Amino acid sequence: MNLRTQVLLWGAQRASAAVLAFCVLVHLVTIIYAVRNGLTAAEILARTSGSVAWTLFYTVFVVAIAVHAPIGLRNVLAETFQWRGRGLDLAMLILALTLALWGWRAVYAITAA
Amino acid sequence: MGTALSVLHVRVWRGTESGEYQEFQVPRLESQTVLDVVTHIQRKLDPTLSYRFACRVGMCGSCAMTVNGKARWTCRTHVASVSDEERLEIGPLRNLPVIKDLVTDMAPFFDKWAAAKGQFRGSATRNDDFARVSPESRQRRLVDESIECIGCGVCYSSCDVVTWKPDYLGPAALTRAWTLVNDVRDVDQRERLTAVAGDAGCHACHTQMTCTERCPKKLSPTAGIAGLKRAVLSAALKGEI
């Protein structure tokens, strides 16, 4: 991986961390609010189904996770197991796409009208 | 030499990368430094003990060792400040090859200063007037915060990222680079930002701040590395590296 990409990945991790800080806060507050009278699938779906706002919010959340986690894990694996190079980068790209796909599948499941 | 107050039990590393700690008993004196202890052992108890020192006043940066688990400059470290129970364990600096006993090979450490483009290169000749840099300017103040590094290796030895990632440039080399990034006379800025960028450069730092906590000169390599991260990212976004 070239030097510029390494630096831009670091920037992307920082930026996604800022987005995650906001998203996690909203998510936690929502959980506390949602369970105040018990938790049912019907109640969740009533709030999220067909909601453009929740669709946008959780899409941004998923994108931030898909960007943030693989970059961090790439560092952890390099430092812990001395795994470097193209194999590692490819594995992390696959992880990013998997997280994005699974995440979006979950978002679709709760927001589809 | 003053009157002994008690006896210090001192374990000292003997050997190279492999070896063992050897115990010595050293008279405990008032205002005694760790370097005084090592010197006593070498001069009175075992002349084959190898260690390194020069100035003895905290200027040269050559006497750093691992004392009771932490890297310290031994000439300015009083025994009283590191030993509660009259016990000391003294070893070589971590993260560097051990030549013998308490002497480490500092070549990898200074090679990284060179790799981080730690050399000044100006454009002025001897026929030019002195460069005028205001002591109040923002960049000169940033230089002030890092310029007193004595190259002792305490930060490098204390850094876990260096342990995990041996090609990481480390806090001292990056601090040196940061002083030059803020030197308005230097003309190698783009090359330097390229040299300190990426996975083995400033972006490997986890901001654990052990370097800042242990620096005997009370510098903050962490702050300088954070400055480098921003400067390099800015250059990368502009397509300059």
# chains A, B, ... in the order shown; residues from 1 in each chain; ligands from 1

call {"tool": "residues_around", "arguments": {"residues": "range 80-84 of chain A", "least_positions_apart": "4", "cutoff": "7 Å", "atoms": "only C-alpha atoms", "output": "number ranges by chain"}}
result
A: 76, 88; B: 164

call {"tool": "write_last_selection", "arguments": {"atoms": "N, CA and C atoms", "output": "mmCIF file, in the first residue's frame"}}
result
data_model
loop_
_atom_site.group_PDB
_atom_site.id
_atom_site.type_symbol
_atom_site.label_atom_id
_atom_site.label_comp_id
_atom_site.auth_asym_id
_atom_site.auth_seq_id
_atom_site.Cartn_x
_atom_site.Cartn_y
_atom_site.Cartn_z
ATOM 1 N N VAL A 76 -3.997 -3.608 14.552
ATOM 2 C CA VAL A 76 -3.901 -4.607 15.621
ATOM 3 C C VAL A 76 -3.216 -5.874 15.101
ATOM 4 N N LEU A 88 -2.933 -8.881 4.020
ATOM 5 C CA LEU A 88 -3.628 -8.198 5.117
ATOM 6 C C LEU A 88 -4.594 -7.147 4.561
ATOM 7 N N TRP B 164 6.076 -3.462 19.489
ATOM 8 C CA TRP B 164 5.162 -4.225 18.629
ATOM 9 C C TRP B 164 5.534 -4.089 17.158
#

call {"tool": "interface_residues", "arguments": {"of": "chain B", "to": "chain A", "cutoff": "9 Å", "atoms": "only C-alpha atoms", "output": "number ranges by chain"}}
result
B: 161, 163-165, 194, 197-199, 203-204, 229-230, 232-233, 236-237, 239, 241

call {"tool": "write_last_selection", "arguments": {"atoms": "all heavy atoms", "output": "CSV table (one decimal), in the first residue's frame"}}
result
chain,number,residue,atom,x,y,z
B,161,VAL,N,4.7,0.8,21.1
B,161,VAL,CA,4.6,0.7,19.7
B,161,VAL,C,5.9,0.2,19.0
B,161,VAL,O,5.9,-0.6,18.1
B,161,VAL,CB,4.0,2.0,19.0
B,161,VAL,CG1,3.8,1.8,17.5
B,161,VAL,CG2,2.7,2.4,19.7
B,163,THR,N,8.0,-1.7,20.4
B,163,THR,CA,8.1,-3.1,20.7
B,163,THR,C,7.3,-3.9,19.7
B,163,THR,O,7.7,-4.9,19.2
B,163,THR,CB,7.6,-3.4,22.1
B,163,THR,OG1,8.3,-2.5,23.0
B,163,THR,CG2,7.9,-4.8,22.6
B,164,TRP,N,6.1,-3.5,19.5
B,164,TRP,CA,5.2,-4.2,18.6
B,164,TRP,C,5.5,-4.1,17.2
B,164,TRP,O,5.3,-5.0,16.4
B,164,TRP,CB,3.7,-3.7,18.8
B,164,TRP,CG,3.2,-3.9,20.2
B,164,TRP,CD1,3.5,-4.9,21.1
B,164,TRP,CD2,2.3,-3.0,20.9
B,164,TRP,NE1,2.8,-4.6,22.3
B,164,TRP,CE2,2.0,-3.5,22.1
B,164,TRP,CE3,1.6,-1.8,20.5
B,164,TRP,CZ2,1.2,-2.9,23.1
B,164,TRP,CZ3,0.8,-1.2,21.4
B,164,TRP,CH2,0.6,-1.7,22.7
B,165,LYS,N,6.1,-2.9,16.8
B,165,LYS,CA,6.3,-2.6,15.4
B,165,LYS,C,7.7,-2.1,15.3
B,165,LYS,O,8.0,-0.9,15.3
B,165,LYS,CB,5.3,-1.6,14.9
B,165,LYS,CG,5.1,-1.4,13.5
B,165,LYS,CD,4.1,-0.4,13.2
B,165,LYS,CE,2.7,-0.9,12.9
B,165,LYS,NZ,1.7,0.0,12.4
B,194,THR,N,7.2,13.2,4.0
B,194,THR,CA,7.1,11.9,3.4
B,194,THR,C,7.8,10.9,4.2
B,194,THR,O,7.3,9.8,4.4
B,194,THR,CB,7.7,11.9,2.0
B,194,THR,OG1,7.0,13.0,1.2
B,194,THR,CG2,7.6,10.6,1.3
B,197,ALA,N,5.7,9.8,7.3
B,197,ALA,CA,4.3,9.5,7.1
B,197,ALA,C,4.1,8.0,7.2
B,197,ALA,O,5.0,7.2,7.0
B,197,ALA,CB,3.9,10.0,5.7
B,198,GLY,N,2.8,7.6,7.5
B,198,GLY,CA,2.4,6.2,7.3
B,198,GLY,C,2.6,5.2,8.4
B,198,GLY,O,2.8,5.6,9.5
B,199,ASP,N,2.5,3.9,8.0
B,199,ASP,CA,2.4,2.9,9.0
B,199,ASP,C,3.6,2.8,9.9
B,199,ASP,O,3.5,2.3,11.1
B,199,ASP,CB,2.2,1.5,8.3
B,199,ASP,CG,0.8,1.4,7.7
B,199,ASP,OD1,-0.1,2.3,8.0
B,199,ASP,OD2,0.6,0.6,6.8
B,203,HIS,N,1.9,8.0,12.1
B,203,HIS,CA,0.6,7.5,12.2
B,203,HIS,C,0.5,6.2,12.9
B,203,HIS,O,-0.6,5.7,13.2
B,203,HIS,CB,-0.1,7.4,10.8
B,203,HIS,CG,-0.2,8.8,10.2
B,203,HIS,ND1,0.7,9.2,9.3
B,203,HIS,CD2,-1.0,9.8,10.4
B,203,HIS,CE1,0.4,10.5,8.9
B,203,HIS,NE2,-0.6,10.8,9.6
B,204,ALA,N,1.6,5.6,13.3
B,204,ALA,CA,1.6,4.4,14.1
B,204,ALA,C,1.4,4.7,15.6
B,204,ALA,O,1.0,3.8,16.3
B,204,ALA,CB,2.9,3.6,13.9
B,229,LYS,N,1.2,14.3,12.5
B,229,LYS,CA,0.0,13.6,11.9
B,229,LYS,C,-0.8,14.6,11.1
B,229,LYS,O,-1.2,14.3,10.0
B,229,LYS,CB,-0.8,12.9,13.0
B,229,LYS,CG,-0.2,11.7,13.6
B,229,LYS,CD,-1.1,11.2,14.8
B,229,LYS,CE,-0.5,10.0,15.5
B,229,LYS,NZ,-1.3,9.6,16.7
B,230,ARG,N,-1.1,15.7,11.8
B,230,ARG,CA,-2.0,16.7,11.1
B,230,ARG,C,-1.3,17.3,9.8
B,230,ARG,O,-1.9,17.5,8.8
B,230,ARG,CB,-2.3,17.8,12.1
B,230,ARG,CG,-3.3,17.4,13.2
B,230,ARG,CD,-3.8,18.6,13.9
B,230,ARG,NE,-2.7,19.3,14.7
B,230,ARG,CZ,-2.3,19.0,15.9
B,230,ARG,NH1,-3.0,18.1,16.6
B,230,ARG,NH2,-1.4,19.7,16.5
B,232,VAL,N,1.1,15.9,8.0
B,232,VAL,CA,1.2,14.9,6.9
B,232,VAL,C,-0.2,14.7,6.3
B,232,VAL,O,-0.3,14.6,5.0
B,232,VAL,CB,1.8,13.6,7.5
B,232,VAL,CG1,1.7,12.5,6.4
B,232,VAL,CG2,3.2,13.8,8.0
B,233,LEU,N,-1.2,14.6,7.1
B,233,LEU,CA,-2.6,14.4,6.5
B,233,LEU,C,-2.9,15.6,5.6
B,233,LEU,O,-3.4,15.4,4.5
B,233,LEU,CB,-3.6,14.3,7.6
B,233,LEU,CG,-5.1,14.1,7.1
B,233,LEU,CD1,-5.2,12.8,6.3
B,233,LEU,CD2,-6.0,14.1,8.3
B,236,ALA,N,-1.1,15.2,2.4
B,236,ALA,CA,-1.6,14.1,1.6
B,236,ALA,C,-2.9,14.5,0.9
B,236,ALA,O,-3.2,14.2,-0.2
B,236,ALA,CB,-1.9,12.8,2.5
B,237,LEU,N,-3.8,15.3,1.6
B,237,LEU,CA,-5.0,15.7,1.0
B,237,LEU,C,-4.7,16.7,-0.1
B,237,LEU,O,-5.5,16.8,-1.1
B,237,LEU,CB,-5.9,16.4,2.1
B,237,LEU,CG,-6.5,15.5,3.2
B,237,LEU,CD1,-7.1,16.3,4.3
B,237,LEU,CD2,-7.5,14.5,2.5
B,239,GLY,N,-2.3,16.4,-2.0
B,239,GLY,CA,-1.5,15.6,-3.1
B,239,GLY,C,0.0,15.9,-3.1
B,239,GLY,O,0.7,15.6,-4.1
B,241,ILE,N,2.2,14.5,-1.0
B,241,ILE,CA,3.0,13.3,-0.7
B,241,ILE,C,2.3,12.1,-1.3
B,241,ILE,O,1.2,12.2,-1.7
B,241,ILE,CB,3.2,13.1,0.8
B,241,ILE,CG1,1.9,12.8,1.5
B,241,ILE,CG2,4.0,14.2,1.4
B,241,ILE,CD1,2.2,12.2,2.9

call {"tool": "select_by_dssp", "arguments": {"residues": "range 35-112 of chain B", "states": "strand (DSSP E or B)", "output": "MDAnalysis selection string"}}
result
chainID B and resid 64:67 70:73 78 87:91 98:100 103:104

call {"tool": "select_by_dssp", "arguments": {"residues": "range 23-113 of chain A", "states": "alpha helix (DSSP H)", "output": "number ranges by chain"}}
result
A: 23-34, 41-48, 52-81, 86-111

call {"tool": "residues_around", "arguments": {"residues": "range 52-55 of chain A", "least_positions_apart": "3", "cutoff": "10 Å", "atoms": "only C-alpha atoms", "output": "JSON, numbers by chain"}}
result
{"A": [47, 48, 49, 58, 59, 60, 61, 104, 107, 108, 110, 111, 112]}

call {"tool": "residues_around", "arguments": {"residues": "range 45-56 of chain B", "least_positions_apart": "6", "cutoff": "6 Å", "atoms": "only C-alpha atoms", "output": "PDB file with N, CA and C atoms, in the first residue's frame"}}
result
ATOM      1  N   SER B  62      23.649   9.825  27.732  1.00  0.00           N
ATOM      2  CA  SER B  62      24.274   8.514  27.484  1.00  0.00           C
ATOM      3  C   SER B  62      24.038   7.486  28.589  1.00  0.00           C
ATOM      4  N   CYS B  63      23.512   7.876  29.749  1.00  0.00           N
ATOM      5  CA  CYS B  63      23.491   6.958  30.886  1.00  0.00           C
ATOM      6  C   CYS B  63      22.122   6.342  31.151  1.00  0.00           C
ATOM      7  N   CYS B  75      21.921   9.392  35.895  1.00  0.00           N
ATOM      8  CA  CYS B  75      22.754  10.386  36.587  1.00  0.00           C
ATOM      9  C   CYS B  75      21.920  11.386  37.372  1.00  0.00           C
ATOM     10  N   ASP B 101      25.940  -6.210  29.272  1.00  0.00           N
ATOM     11  CA  ASP B 101      25.471  -5.713  30.574  1.00  0.00           C
ATOM     12  C   ASP B 101      24.462  -4.566  30.405  1.00  0.00           C
ATOM     13  N   LEU B 102      24.893  -3.342  30.733  1.00  0.00           N
ATOM     14  CA  LEU B 102      23.963  -2.208  30.704  1.00  0.00           C
ATOM     15  C   LEU B 102      24.135  -1.350  29.449  1.00  0.00           C
ATOM     16  N   VAL B 103      24.963  -1.822  28.525  1.00  0.00           N
ATOM     17  CA  VAL B 103      25.261  -1.039  27.315  1.00  0.00           C
ATOM     18  C   VAL B 103      24.426  -1.546  26.152  1.00  0.00           C
TER      19      VAL B 103
END

call {"tool": "closest_residue", "arguments": {"among": "A:His68, A:Arg86, A:Arg74, A:Arg105", "to": "Gln13 in chain A", "atoms": "only C-alpha atoms"}}
result
A:His68

call {"tool": "residues_around", "arguments": {"residues": "Lys217 in chain B", "least_positions_apart": "4", "cutoff": "12 Å", "atoms": "only C-alpha atoms", "output": "count of residues only"}}
result
23

call {"tool": "closest_residue", "arguments": {"among": "B:Ser158, B:Ser137, B:Ser123, B:Gln22", "to": "Ala64 in chain B", "atoms": "only C-alpha atoms"}}
result
B:Ser158

call {"tool": "atom_distance", "arguments": {"atom1": "CA of Ala80 in chain B", "atom2": "CA of Cys215 in chain B"}}
result
19.0 Å
